[in-house]
Amino acid sequence: MRLILASASPRRRDLLGQIGVVPDAVDPADIDETPLKHETPAAYAARVAADKGALVAARHPGALILSGDTVVAVGRRILPKTESEQEARACLTLLSGRRHRVFSAITLIDGDGRARHRLSDNIVTFKRLEQAEIDAYIASDEWRGKAGGYAIQGRAAGLIRAIQGSHSAIMGLPLYETRALLKAAGYILD
C-alpha cells in the first residue's frame with residue numbers, strides 16, 4: 001500500500017520516522033490557506049488538512065494520502081506562519097506570559113477515497129519573555145515559516161513553561177492519532 005505524504009515539511013517526515021513510517025512519496029499540496037470569515041481555529045485546521053488531502057488524493061488514485069495542518073491560536077485569533085521579522089516579533093510578544101492553543105489536524109484518505117480525520121488540541125504556556133529573549137529568538141531565524149512564530153523543537157523549548165497535550169502535535173504531526181489512523185486503514189506498522 002503506497003503512502004503519500006501531502007506535506008513539504010521535513011519535520012513531518014522526521015516525525016513519521018519516529019513511528020517507523022517512511023512515505024513512498026512526498027507530494028505537497030499548494031492550496032489557499034486563507035481562513036474563512038468566522039472560522040474557528042480548530043475548524044480551520046481540520047478544513048485545511050482535509051483540503052490538502054483531497055487535492056493530493058486526486059493525483060494518486062488508490063494510494064493512502066496523509067495530510068495535516070497545525071494552527072497556533074490565541075482565543076479565536078489564528079496566528080500566521082510568520083514570514084517577516086515584524087510578524088514573528090508580534091506573535092512572540094502576544095504569546096509572552098500566556099497560554100495559547102495549538103491545533104494539529106490530520107486527514108488520512110484510503111485507496112477507496114474514504115477520509116478519516118483527527119484533531120489534536122494542545123495548550124502551550126510561554127514564560128514572560130524579556131525583550132532580550134525575543135531579540136535573541138528573532139536573531140536565530142527559527143521563527144521563519146512557523147505557525148505562531150516559534151518552533152517547540154528548537155530554541156523556543158527553553159521559553160516554554162508547560163505544555164498540555166502532545167509534543168509531536170505541537171511540532172506538526174500528532175503521532176498517536178496518525179498511528180491509529182494508519183492502522184485502521186490497514187497500513188502495516190512494526
# chains A, B, ... in the order shown; residues from 1 in each chain; ligands from 1
>>> residues_around(residues="Asp190 (chain A)", least_positions_apart="2", cutoff="9 Å", atoms="only C-alpha atoms", output="mmCIF file with N, CA and C atoms, in the first residue's frame")
data_model
loop_
_atom_site.group_PDB
_atom_site.id
_atom_site.type_symbol
_atom_site.label_atom_id
_atom_site.label_comp_id
_atom_site.auth_asym_id
_atom_site.auth_seq_id
_atom_site.Cartn_x
_atom_site.Cartn_y
_atom_site.Cartn_z
ATOM 1 N N ILE A 19 7.872 6.766 14.279
ATOM 2 C CA ILE A 19 6.978 5.613 14.465
ATOM 3 C C ILE A 19 7.218 4.555 13.381
ATOM 4 N N GLY A 20 8.378 4.638 12.727
ATOM 5 C CA GLY A 20 8.781 3.633 11.757
ATOM 6 C C GLY A 20 8.099 3.733 10.406
ATOM 7 N N VAL A 21 7.587 4.906 10.074
ATOM 8 C CA VAL A 21 6.875 5.091 8.809
ATOM 9 C C VAL A 21 7.716 5.958 7.875
ATOM 10 N N ILE A 188 0.599 -1.395 7.368
ATOM 11 C CA ILE A 188 1.363 -2.270 8.259
ATOM 12 C C ILE A 188 2.447 -1.480 8.969
#
>>> residues_around(residues="Ile65 (chain A)", least_positions_apart="4", cutoff="7 Å", atoms="only C-alpha atoms", output="short mmCIF file (atom, residue, chain, number, x, y, z; two decimals) with C-alpha atoms, in the first residue's frame")
data_model
loop_
_atom_site.label_atom_id
_atom_site.label_comp_id
_atom_site.auth_asym_id
_atom_site.auth_seq_id
_atom_site.Cartn_x
_atom_site.Cartn_y
_atom_site.Cartn_z
CA LEU A 3 1.67 6.09 1.38
CA ILE A 4 1.90 9.65 0.06
CA LEU A 5 2.70 12.47 2.47
CA ALA A 6 0.88 15.62 1.34
CA GLY A 53 -5.51 15.57 1.37
CA ALA A 57 -5.58 12.14 -3.45
CA LEU A 108 -5.89 10.10 6.01
CA ILE A 109 -7.57 9.20 2.73
CA ASP A 110 -7.53 5.49 1.91
#
>>> closest_residue(among="A:Asn122, A:Ser140, A:Thr178, A:Ser7", to="Ala88 (chain A)", atoms="only C-alpha atoms")
A:Ser140
>>> closest_atom_pairs(of="region 75-96 of chain A", to="region 151-166 of chain A", cutoff="12 Å", atoms="only C-alpha atoms", output="CSV")
residue,atom,partner,partner_atom,distance
A:Lys81,CA,A:Ala151,CA,10.9
A:Thr82,CA,A:Ala151,CA,11.1
A:Ala88,CA,A:Ala151,CA,11.4
A:Leu92,CA,A:Ala156,CA,10.1
A:Leu95,CA,A:Ile160,CA,10.1
A:Ser96,CA,A:Leu159,CA,9.1
>>> write_last_selection(atoms="C-alpha atoms", output="PDB file, in the first residue's frame")
ATOM      1  CA  LYS A  81       3.015  31.252   9.715  1.00  0.00           C
ATOM      2  CA  THR A  82       5.465  34.073  10.172  1.00  0.00           C
ATOM      3  CA  ALA A  88       7.379  36.939  14.414  1.00  0.00           C
ATOM      4  CA  LEU A  92       6.122  36.303  20.442  1.00  0.00           C
ATOM      5  CA  LEU A  95       2.363  34.792  23.432  1.00  0.00           C
ATOM      6  CA  SER A  96       4.648  36.108  26.191  1.00  0.00           C
TER       7      SER A  96
END
>>> closest_residue(among="A:Leu129, A:Ala105, A:Met1, A:Ala139", to="Ala63 (chain A)", atoms="only C-alpha atoms")
A:Met1
>>> select_by_dssp(residues="region 66-153 of chain A", states="strand (DSSP E)", output="ChimeraX atom specification")
/A:66-74,77-78,99-109,115-126
>>> closest_residue(among="A:Glu83, A:Glu177, A:Asp121, A:Glu130", to="Trp143 (chain A)", atoms="only C-alpha atoms")
A:Glu83
